[in-house]
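**Q** Quick one: the structure is below, questions incoming.
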Amino acid sequence: MPTLDDILVKIGEFDFFQKQALFVLCLLSATFAPIYVGIFFLGFTPEHRCRSSGVAELSQRCGWSPGEELNHTVPEWGSHGAGFSSRCRRDEVGWKRKTGVSCTDPLGSLVGNWSSVPLGPCQDGWVYDSPGTSLVTEFNLVCENSWKLDLFQSCVNVGFFLGSLSIGYIADRFGRKLSLLVTVLINAVSGVLMAFAPSYTWTVIFRLIQGLVSKGGWLTGYVLIAEFVGSNYRRVTAITYQLAFSVGLLILTALAYALPHWRWLQLTVTLPTVFFLLYYWCLPESPRWLIAQKQNDKAMEVIKRIAKGNKKQLPLAFQNLSSEDEDGEKLKPSFLDLVRTPQIRKHTFILMYSWFTSSVLYQGLIMHMGIAAGNMYLDFLYSALVEFPAAFILILTLDHIGRRYPWAAANAMAGGACLVTALVPDSLYWLKMTAACLGRMGITMCYEITCLVNPELYPTFLRNLGVLVCSSMCDLGGIVTPFLVYRVAELWHELPLVVFAVIGLIDGGLVLLLPEMKGKALPETIEDAENLHRQERSKEKVIYLHVLTSE
């Protein structure tokens with residue numbers, strides 16, 4: 001009985017139809033970037049200080065420059081820069097009610113010296129040094145309310161986590177296409193509503209809903225395109241799909257620079273997702289999923305559509321799929337299937353840790369760079385550009401070397417670069433930045449290989465669930481990372497990088513325990529997935545016997 005991979009060899013493993021499907025799904029991948037890292041711009045915290053009534057009038061009367069106004073009226077703004085007191089406390093001297101205040105030493109003429117100035121909370125709000133708006137400036141998420149910005153991002157990752165479990169089950173139970181369309185619709189509606197949210201609470205609710213469906217839809221899109229192509233082209237599709245996400249980062253940077261107001265930015269990045277509802281007509285259901293569900297007639301219709309799109313003729317020998325098992329029981333995905341058998345259980349736990357590692361290092365390096373950020377647009381642009389050489393390195397190596405060794409090397413590169421970045425003194429800035437860029441490149445490669453290998457290790461009926469459950473650890477990593485970066489950095493600024501190095505090096509050793517999937521067909525059943533490591537050993541024995549025979 002010919003397999004789907006055998007049929008794809010005849011009608012095109014990666015021809016016009018698959019390329020067209022990859023292109024339209026890459027658009028989906030690009031629009032996921034603003035949701036995943038959009039907080040960088042949506043939640044930007046500009047320099048700020050307490051609004052004090054009367055300061056503006058006094059500044060105008062004295063003819064102060066903005067810098068002089070800060071030094072004269074904002075506590076502790078001098079030699080040590082802006083700290084908690086300068087941002088979150090104000091002088092309780094009643095500027096508005098005082099007369100005869102000196103323009104050269106206003107506080108000295110009122111209270112004698114800085115140390116005796118009583119400080120109080122910012123009762124009149126804050127002044128933000130920013131031409132645009134963000135969640136922070138609109139809802140005053142600073143000082144005592146700064147935790148609300150952390151809550152906003154945590155809700156997104158909680159949504160990612162819960163959505164990974166539910167959307168994965170829906171995609172394996174009811175089909176990839178239905179799952180994709182439902183997530184696209186909900187994501188578009190909630191994203192638009194968030195742009196018009198009247199309060200902080202509603203903004204968090206709509207962002208949580210986006211998190212529930214957006215990542216699940218993004219991963220379902222990848223699984224769908226991976227099941228359209230032959231085994232020799234899964235690498236190309238996986239890297240291209242990830243590369244589209246990187247392009248989305250560049251587009252997000254440009255849009256954020258052009259639209260410094262968060263509501264306009266949110267609306268602009270959301271509206272294009274409405275057009276993805278056209279997938280109903282552009283994309284068919286996955287033929288692999290249909291075969292796994294014993295819907296062979298529908299699978300053959302999809303196969304004929306692929307052949308027609310590729311302008312190939314389906315051979316007569318492949319016109320009908322075997323129907324001897326059509327009356328058999330349909331395979332239904334179960335969470336227990338991910339841990340029931342020994343090899344799949346091993347794959348599940350290692351992949352979970354790999355997703356966790358990728359998330360912590362990927363987001364952590366961005367956040368750690370942001371602690372001492374200069375121009376946020378340039379910083380974000382540089383961190384996005386480094387992902388492109390990572391993709392090209394994988395294109396050149398994965399087909400020749402395989403998955404495991406580049407994966408382990410990328411983890412070692414990311415971990416080692418984090419360690420070097422932590423230990424190099426600030427005086428060697430060029431070396432520190434070079435190591436940081438290499439770390440970002442290494443963890444980007446890990447991310448892309450994880451996305452490629454994860455669906456390859458699970459049988460068809462369990463594939464989407466396996467991908468989304470394992471990748472849910474990525475979301476837990478996203479919840480942990482802000483606390484890991486900002487709280488641990490209070491002990492030692494470079495300590496988070498040391499933690500990242502340890503996490504990455506451990507993952508580099510674990511991935512070597514997974515089977516090599518280069519050139520192998522996707523497993524269709526649990527038995528196929530359990531025998532992946534045996535196929536590798538059998539191949540090694542065949543090569544060894546061939547050498548002995550030739551001698």
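Chain labels A, B, ... are given in the sequence in which chains occur in the structure tokens; within each chain residues are numbered consecutively from 1, and ligands are likewise numbered from 1 in the order shown.
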Do you know which residues are at most 7 Å from stretch 136-146 of chain A counting only C-alpha atoms, after dropping those on the same chain fewer than 5 positions away, and could you put them as a PyMOL selection string?
**A** chain A and resi 43-45+88+128+200
**Q** Set the distance at 12 Å and use only C-alpha atoms: which residues neighbour A:Ser359 once local chain neighbours fewer than 5 positions away are removed? I'd like the list as number ranges by chain.
**A** A: 36-37, 157, 352-354, 364-367, 440, 443-444, 446-448, 450, 471-482, 500, 503-504
**Q** Output N, CA and C atoms for every residue in the selection just made, as a tab-separated table (two decimals), in the first residue's frame.
**A**
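Dumped to selection.tsv:
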```tsv
chain	number	residue	atom	x	y	z
A	36	TYR	N	3.43	38.24	20.22
A	36	TYR	CA	4.44	37.58	21.04
A	36	TYR	C	5.37	38.57	21.73
A	37	VAL	N	5.82	39.59	21.01
A	37	VAL	CA	6.77	40.54	21.59
A	37	VAL	C	6.28	41.98	21.51
A	157	ASN	N	0.89	35.21	28.33
A	157	ASN	CA	1.54	33.90	28.40
A	157	ASN	C	0.65	32.84	29.02
A	352	MET	N	9.73	19.30	25.99
A	352	MET	CA	9.20	20.30	26.92
A	352	MET	C	10.34	21.17	27.47
A	353	TYR	N	11.41	20.53	27.88
A	353	TYR	CA	12.54	21.30	28.41
A	353	TYR	C	13.17	22.17	27.33
A	354	SER	N	13.23	21.68	26.10
A	354	SER	CA	13.81	22.46	25.01
A	354	SER	C	12.97	23.70	24.71
A	364	GLY	N	14.60	36.30	27.52
A	364	GLY	CA	15.48	36.82	28.55
A	364	GLY	C	16.59	37.69	28.00
A	365	LEU	N	17.18	37.30	26.86
A	365	LEU	CA	18.24	38.10	26.28
A	365	LEU	C	17.71	39.46	25.81
A	366	ILE	N	16.49	39.48	25.27
A	366	ILE	CA	15.89	40.75	24.86
A	366	ILE	C	15.65	41.64	26.08
A	367	MET	N	15.07	41.06	27.13
A	367	MET	CA	14.79	41.84	28.34
A	367	MET	C	16.07	42.34	29.00
A	440	ARG	N	22.03	35.42	20.99
A	440	ARG	CA	20.71	35.55	20.37
A	440	ARG	C	20.61	34.70	19.11
A	443	ILE	N	20.24	30.90	20.21
A	443	ILE	CA	18.94	30.50	20.73
A	443	ILE	C	17.87	30.60	19.67
A	444	THR	N	18.05	31.49	18.67
A	444	THR	CA	17.12	31.53	17.55
A	444	THR	C	17.20	30.23	16.75
A	446	CYS	N	18.07	27.36	17.98
A	446	CYS	CA	17.42	26.33	18.81
A	446	CYS	C	15.91	26.38	18.66
A	447	TYR	N	15.37	27.58	18.67
A	447	TYR	CA	13.92	27.76	18.52
A	447	TYR	C	13.44	27.13	17.22
A	448	GLU	N	14.15	27.42	16.14
A	448	GLU	CA	13.72	26.95	14.82
A	448	GLU	C	13.87	25.43	14.69
A	450	THR	N	13.70	23.32	17.20
A	450	THR	CA	12.67	22.75	18.05
A	450	THR	C	11.33	22.71	17.32
A	471	SER	N	5.06	22.74	23.54
A	471	SER	CA	5.36	24.17	23.42
A	471	SER	C	4.71	24.98	24.53
A	472	SER	N	3.78	24.38	25.28
A	472	SER	CA	3.19	25.11	26.40
A	472	SER	C	4.26	25.44	27.45
A	473	MET	N	5.34	24.64	27.51
A	473	MET	CA	6.43	24.97	28.42
A	473	MET	C	7.13	26.27	28.01
A	474	CYS	N	7.03	26.59	26.73
A	474	CYS	CA	7.53	27.88	26.25
A	474	CYS	C	6.78	29.02	26.94
A	475	ASP	N	5.48	28.82	27.16
A	475	ASP	CA	4.67	29.86	27.78
A	475	ASP	C	4.97	29.97	29.27
A	476	LEU	N	5.23	28.84	29.92
A	476	LEU	CA	5.66	28.91	31.31
A	476	LEU	C	6.99	29.65	31.43
A	477	GLY	N	7.85	29.41	30.46
A	477	GLY	CA	9.11	30.14	30.43
A	477	GLY	C	8.88	31.64	30.29
A	478	GLY	N	7.89	32.01	29.46
A	478	GLY	CA	7.57	33.42	29.29
A	478	GLY	C	7.04	34.06	30.56
A	479	ILE	N	6.36	33.27	31.40
A	479	ILE	CA	5.86	33.79	32.67
A	479	ILE	C	6.99	33.96	33.67
A	480	VAL	N	7.94	33.03	33.66
A	480	VAL	CA	9.04	33.04	34.63
A	480	VAL	C	10.11	34.08	34.28
A	481	THR	N	10.35	34.28	32.98
A	481	THR	CA	11.50	35.08	32.54
A	481	THR	C	11.55	36.49	33.11
A	482	PRO	N	10.45	37.27	33.10
A	482	PRO	CA	10.55	38.63	33.65
A	482	PRO	C	11.05	38.65	35.10
A	500	PHE	N	21.06	31.59	32.41
A	500	PHE	CA	20.75	31.23	31.03
A	500	PHE	C	21.78	30.24	30.48
A	503	ILE	N	21.13	26.69	31.85
A	503	ILE	CA	19.92	26.12	31.23
A	503	ILE	C	20.20	25.67	29.81
A	504	GLY	N	20.90	26.52	29.03
A	504	GLY	CA	21.18	26.19	27.64
A	504	GLY	C	22.13	25.01	27.48
```
**Q** If we count only C-alpha atoms and set the cut-off at 6 Å, which residues sit around A:Phe160, ignoring sequence neighbours fewer than 2 positions away in its own chain? Please answer as an MDAnalysis selection string.
**A** chainID A and resid 157:158 162:164 211:212 215 475
**Q** Which distance in Å separates atom CA of A:Gly168 and atom CA of A:Tyr362, to one decimal?
**A**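 Atom CA of A:Tyr362 lies 23.3 Å from atom CA of A:Gly168.
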**Q** Go ahead and compute the interatomic distance for atom CA of A:Val386 and atom CA of A:Ala30, in Å to one decimal.
**A** 16.5 Å
**Q** I'd like the neighbourhood of A:Ala244 as a short mmCIF file (atom, residue, chain, number, x, y, z; two decimals) with C-alpha atoms, in the first residue's frame, where a residue qualifies if any of its atoms comes within 9 Å (using only C-alpha atoms), though same-chain residues fewer than 2 positions away should be ignored.
**A**
```
data_model
loop_
_atom_site.label_atom_id
_atom_site.label_comp_id
_atom_site.auth_asym_id
_atom_site.auth_seq_id
_atom_site.Cartn_x
_atom_site.Cartn_y
_atom_site.Cartn_z
CA CYS A 26 3.76 32.68 6.32
CA LEU A 27 1.53 35.76 6.41
CA LEU A 28 -0.08 34.25 9.51
CA SER A 29 3.35 33.64 11.02
CA ALA A 30 4.41 37.26 10.46
CA THR A 31 1.31 38.62 12.21
CA ILE A 239 12.75 27.55 8.54
CA THR A 240 10.77 29.65 6.07
CA TYR A 241 7.79 29.71 8.43
CA GLN A 242 10.06 30.86 11.26
CA SER A 246 11.43 37.38 11.88
CA VAL A 247 10.14 39.47 8.98
CA GLY A 248 7.15 40.27 11.18
CA LEU A 249 9.58 41.63 13.79
#
```
**Q** Could you check the closest approach to A:Met445 for each of A:Lys148, A:Arg404, A:Arg234, A:His533 and tell me which residue wins, using only C-alpha atoms?
**A**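 Of A:Lys148, A:Arg404, A:Arg234, A:His533, the one nearest A:Met445 is A:Arg404, counting only C-alpha atoms.
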**Q** For stretch 525-528 of chain A, work out the shell of residues within 9 Å, counting only C-alpha atoms and skipping chain neighbours fewer than 5 positions away, then give it as number ranges by chain.
**A** A: 292, 337, 341, 344, 458-462
**Q** Write the residues you've just listed into a file as a short mmCIF file (atom, residue, chain, number, x, y, z; two decimals), in the first residue's frame, and include C-alpha atoms for each of them.
**A**
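The new file result_28.cif reads:
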```
data_model
loop_
_atom_site.label_atom_id
_atom_site.label_comp_id
_atom_site.auth_asym_id
_atom_site.auth_seq_id
_atom_site.Cartn_x
_atom_site.Cartn_y
_atom_site.Cartn_z
CA ALA A 292 -5.54 9.10 10.19
CA ASP A 337 -0.67 9.11 24.68
CA THR A 341 4.88 4.60 25.81
CA ILE A 344 7.24 9.07 23.15
CA TYR A 458 4.77 12.32 16.94
CA PRO A 459 2.29 10.20 14.94
CA THR A 460 -0.23 12.00 12.74
CA PHE A 461 -3.28 11.71 14.99
CA LEU A 462 -1.25 13.01 17.96
#
```
**Q** Hey, which of A:Ala171, A:Cys103, A:Gln153, A:Gln266 ends up closest to A:Thr133? Count only C-alpha atoms.
**A**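 Checking each of A:Ala171, A:Cys103, A:Gln153, A:Gln266 against A:Thr133, counting only C-alpha atoms, the winner is A:Gln266.
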**Q** Any idea what the distance is between atom CA of A:Asp172 and atom CA of A:Asn296?
**A**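 Answer for the atom CA of A:Asp172 to atom CA of A:Asn296 separation: 16.4 Å.
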**Q** Pick out the residues sitting within 10 Å of A:Ile209, and hand them over as a compact mmCIF listing (two decimals) with N, CA, C and O atoms, in the first residue's frame; count only C-alpha atoms, and ignore anything fewer than 2 positions along from it in its own chain.
**A**
```txt
# COMPACT_ATOMS: atom_id res chain seq x y z
N CYS A 155 -0.61 37.59 31.58
CA CYS A 155 -1.90 37.11 31.07
C CYS A 155 -1.78 36.61 29.64
O CYS A 155 -2.44 35.64 29.25
N VAL A 156 -0.95 37.28 28.84
CA VAL A 156 -0.72 36.81 27.47
C VAL A 156 -0.12 35.41 27.49
O VAL A 156 -0.56 34.50 26.76
N VAL A 158 -0.18 33.23 29.98
CA VAL A 158 -1.18 32.29 30.50
C VAL A 158 -2.13 31.88 29.39
O VAL A 158 -2.50 30.70 29.26
N GLY A 159 -2.53 32.85 28.56
CA GLY A 159 -3.37 32.52 27.41
C GLY A 159 -2.68 31.58 26.45
O GLY A 159 -3.27 30.62 25.94
N PHE A 160 -1.39 31.84 26.18
CA PHE A 160 -0.62 30.93 25.33
C PHE A 160 -0.64 29.51 25.88
O PHE A 160 -0.84 28.53 25.15
N GLY A 163 -4.23 27.98 25.78
CA GLY A 163 -4.60 27.78 24.39
C GLY A 163 -3.83 26.66 23.73
O GLY A 163 -4.37 25.94 22.88
N ILE A 186 -11.31 34.57 16.21
CA ILE A 186 -11.29 35.07 17.58
C ILE A 186 -10.13 36.04 17.79
O ILE A 186 -10.27 37.07 18.46
N ASN A 187 -8.98 35.74 17.20
CA ASN A 187 -7.82 36.62 17.33
C ASN A 187 -8.09 37.98 16.72
O ASN A 187 -7.76 39.03 17.31
N VAL A 189 -11.05 39.50 16.16
CA VAL A 189 -12.08 40.24 16.90
C VAL A 189 -11.51 40.79 18.22
O VAL A 189 -11.69 41.97 18.55
N SER A 190 -10.82 39.93 18.98
CA SER A 190 -10.28 40.38 20.27
C SER A 190 -9.19 41.42 20.10
O SER A 190 -9.06 42.35 20.91
N GLY A 191 -8.40 41.33 19.02
CA GLY A 191 -7.36 42.31 18.77
C GLY A 191 -7.92 43.69 18.47
O GLY A 191 -7.41 44.71 18.95
N MET A 194 -9.39 45.18 21.64
CA MET A 194 -8.36 45.67 22.54
C MET A 194 -7.93 47.09 22.17
O MET A 194 -7.65 47.92 23.04
N VAL A 204 -6.60 44.01 29.40
CA VAL A 204 -6.03 42.73 29.83
C VAL A 204 -6.91 41.57 29.38
O VAL A 204 -6.41 40.54 28.92
N ILE A 205 -8.22 41.72 29.49
CA ILE A 205 -9.14 40.64 29.11
C ILE A 205 -9.01 40.32 27.62
O ILE A 205 -8.90 39.15 27.23
N PHE A 206 -9.01 41.36 26.78
CA PHE A 206 -8.93 41.12 25.34
C PHE A 206 -7.56 40.57 24.95
O PHE A 206 -7.45 39.75 24.03
N ARG A 207 -6.50 41.00 25.65
CA ARG A 207 -5.17 40.45 25.36
C ARG A 207 -5.09 38.99 25.78
O ARG A 207 -4.42 38.17 25.12
N GLY A 211 -4.16 35.77 23.49
CA GLY A 211 -3.18 34.76 23.85
C GLY A 211 -3.74 33.35 23.78
O GLY A 211 -3.04 32.41 23.39
N LEU A 212 -5.02 33.20 24.12
CA LEU A 212 -5.64 31.87 24.11
C LEU A 212 -5.65 31.24 22.72
O LEU A 212 -5.58 30.03 22.59
N VAL A 213 -5.75 32.08 21.67
CA VAL A 213 -5.93 31.51 20.32
C VAL A 213 -4.75 31.76 19.38
O VAL A 213 -4.56 30.99 18.44
N SER A 214 -3.96 32.81 19.62
CA SER A 214 -2.97 33.21 18.62
C SER A 214 -1.83 32.22 18.48
O SER A 214 -1.47 31.82 17.36
```
**Q** Write out as a ChimeraX atom specification each polymer residue whose atoms come within 12 Å of A:Val498, counting only C-alpha atoms; drop sequence neighbours fewer than 4 positions from it.
**A** /A:361,364-365,414-423,484-485,488-489,492-494,502-505
**Q** Write to file, as an mmCIF file, in the first residue's frame, the residues of the selection just made, with N, CA, C and O atoms.
**A**
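Listed below is the output, again-v3.cif:
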```cif
data_model
loop_
_atom_site.group_PDB
_atom_site.id
_atom_site.type_symbol
_atom_site.label_atom_id
_atom_site.label_comp_id
_atom_site.auth_asym_id
_atom_site.auth_seq_id
_atom_site.Cartn_x
_atom_site.Cartn_y
_atom_site.Cartn_z
ATOM 1 N N LEU A 361 15.677 31.834 27.228
ATOM 2 C CA LEU A 361 16.852 32.500 26.676
ATOM 3 C C LEU A 361 16.472 33.536 25.624
ATOM 4 O O LEU A 361 17.055 34.618 25.564
ATOM 5 N N GLY A 364 14.601 36.304 27.519
ATOM 6 C CA GLY A 364 15.482 36.818 28.549
ATOM 7 C C GLY A 364 16.593 37.693 28.000
ATOM 8 O O GLY A 364 16.939 38.723 28.589
ATOM 9 N N LEU A 365 17.178 37.297 26.864
ATOM 10 C CA LEU A 365 18.243 38.104 26.276
ATOM 11 C C LEU A 365 17.711 39.459 25.806
ATOM 12 O O LEU A 365 18.404 40.480 25.913
ATOM 13 N N ALA A 414 24.672 29.281 22.438
ATOM 14 C CA ALA A 414 23.869 30.238 23.210
ATOM 15 C C ALA A 414 24.317 30.284 24.661
ATOM 16 O O ALA A 414 24.509 31.364 25.233
ATOM 17 N N GLY A 415 24.516 29.103 25.270
ATOM 18 C CA GLY A 415 24.936 29.056 26.665
ATOM 19 C C GLY A 415 26.319 29.645 26.868
ATOM 20 O O GLY A 415 26.550 30.426 27.804
ATOM 21 N N GLY A 416 27.237 29.279 25.986
ATOM 22 C CA GLY A 416 28.593 29.809 26.100
ATOM 23 C C GLY A 416 28.637 31.312 25.900
ATOM 24 O O GLY A 416 29.365 32.027 26.605
ATOM 25 N N ALA A 417 27.859 31.812 24.939
ATOM 26 C CA ALA A 417 27.836 33.256 24.682
ATOM 27 C C ALA A 417 27.260 34.015 25.877
ATOM 28 O O ALA A 417 27.737 35.108 26.209
ATOM 29 N N CYS A 418 26.240 33.450 26.516
ATOM 30 C CA CYS A 418 25.686 34.091 27.717
ATOM 31 C C CYS A 418 26.727 34.181 28.822
ATOM 32 O O CYS A 418 26.837 35.206 29.514
ATOM 33 N N LEU A 419 27.499 33.110 28.980
ATOM 34 C CA LEU A 419 28.527 33.093 30.016
ATOM 35 C C LEU A 419 29.616 34.126 29.718
ATOM 36 O O LEU A 419 30.071 34.850 30.614
ATOM 37 N N VAL A 420 30.043 34.201 28.450
ATOM 38 C CA VAL A 420 31.057 35.187 28.069
ATOM 39 C C VAL A 420 30.538 36.604 28.286
ATOM 40 O O VAL A 420 31.250 37.470 28.811
ATOM 41 N N THR A 421 29.270 36.841 27.899
ATOM 42 C CA THR A 421 28.683 38.168 28.078
ATOM 43 C C THR A 421 28.665 38.570 29.545
ATOM 44 O O THR A 421 28.889 39.739 29.892
ATOM 45 N N ALA A 422 28.408 37.604 30.414
ATOM 46 C CA ALA A 422 28.348 37.900 31.847
ATOM 47 C C ALA A 422 29.717 38.213 32.425
ATOM 48 O O ALA A 422 29.847 39.060 33.318
ATOM 49 N N LEU A 423 30.757 37.547 31.927
ATOM 50 C CA LEU A 423 32.079 37.670 32.521
ATOM 51 C C LEU A 423 32.934 38.776 31.913
ATOM 52 O O LEU A 423 33.889 39.239 32.534
ATOM 53 N N LEU A 484 12.839 36.301 36.492
ATOM 54 C CA LEU A 484 14.209 35.811 36.478
ATOM 55 C C LEU A 484 15.190 36.915 36.098
ATOM 56 O O LEU A 484 16.284 37.027 36.670
ATOM 57 N N VAL A 485 14.799 37.744 35.140
ATOM 58 C CA VAL A 485 15.691 38.809 34.679
ATOM 59 C C VAL A 485 15.754 39.954 35.687
ATOM 60 O O VAL A 485 16.826 40.323 36.168
ATOM 61 N N VAL A 488 16.492 38.706 39.722
ATOM 62 C CA VAL A 488 17.832 38.148 39.919
ATOM 63 C C VAL A 488 18.895 39.199 39.622
ATOM 64 O O VAL A 488 19.956 39.227 40.256
ATOM 65 N N ALA A 489 18.610 40.084 38.668
ATOM 66 C CA ALA A 489 19.581 41.122 38.323
ATOM 67 C C ALA A 489 19.818 42.094 39.465
ATOM 68 O O ALA A 489 20.850 42.783 39.495
ATOM 69 N N TRP A 492 22.953 40.637 41.196
ATOM 70 C CA TRP A 492 24.112 40.922 40.359
ATOM 71 C C TRP A 492 23.595 41.090 38.939
ATOM 72 O O TRP A 492 22.874 40.232 38.436
ATOM 73 N N HIS A 493 23.954 42.182 38.305
ATOM 74 C CA HIS A 493 23.386 42.528 37.005
ATOM 75 C C HIS A 493 23.550 41.419 35.975
ATOM 76 O O HIS A 493 22.691 41.221 35.111
ATOM 77 N N GLU A 494 24.662 40.674 36.042
ATOM 78 C CA GLU A 494 24.941 39.648 35.033
ATOM 79 C C GLU A 494 24.507 38.244 35.469
ATOM 80 O O GLU A 494 24.678 37.288 34.710
ATOM 81 N N VAL A 502 23.626 28.013 32.072
ATOM 82 C CA VAL A 502 23.430 26.670 32.639
ATOM 83 C C VAL A 502 22.241 25.979 31.988
ATOM 84 O O VAL A 502 22.310 24.804 31.591
ATOM 85 N N ILE A 503 21.127 26.695 31.846
ATOM 86 C CA ILE A 503 19.918 26.116 31.231
ATOM 87 C C ILE A 503 20.199 25.671 29.810
ATOM 88 O O ILE A 503 19.811 24.580 29.380
ATOM 89 N N GLY A 504 20.901 26.516 29.032
ATOM 90 C CA GLY A 504 21.182 26.187 27.642
ATOM 91 C C GLY A 504 22.126 25.014 27.483
ATOM 92 O O GLY A 504 21.927 24.158 26.613
ATOM 93 N N LEU A 505 23.161 24.945 28.306
ATOM 94 C CA LEU A 505 24.129 23.844 28.187
ATOM 95 C C LEU A 505 23.490 22.503 28.556
ATOM 96 O O LEU A 505 23.804 21.473 27.954
#
```
**Q** Using only C-alpha atoms, which residue out of A:Asn232, A:Glu530, A:Ile7, A:Phe152 lies closest to A:Pro342?
**A**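 The answer is A:Glu530, which sits nearest to A:Pro342.
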**Q** Find, counting only C-alpha atoms, the residue in A:Ala258, A:Leu185, A:Val223, A:Met376 that gets nearest to A:Phe275.
**A**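 When distances to A:Phe275 are compared using only C-alpha atoms, the smallest one comes from A:Leu185.
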**Q** Could you pull out the alpha helix (DSSP H) residues of stretch 388-533 of chain A from DSSP and send them as a PyMOL selection string?
**A** chain A and resi 388-401+404-423+429-456+460-488+495-510+526-530+532-533
**Q** Using only C-alpha atoms, can you tell me which of A:Met433, A:Ala501, A:Leu336, A:Cys50 comes closest to A:Asp379?
**A**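 Of all the options, A:Met433 lies closest to A:Asp379.
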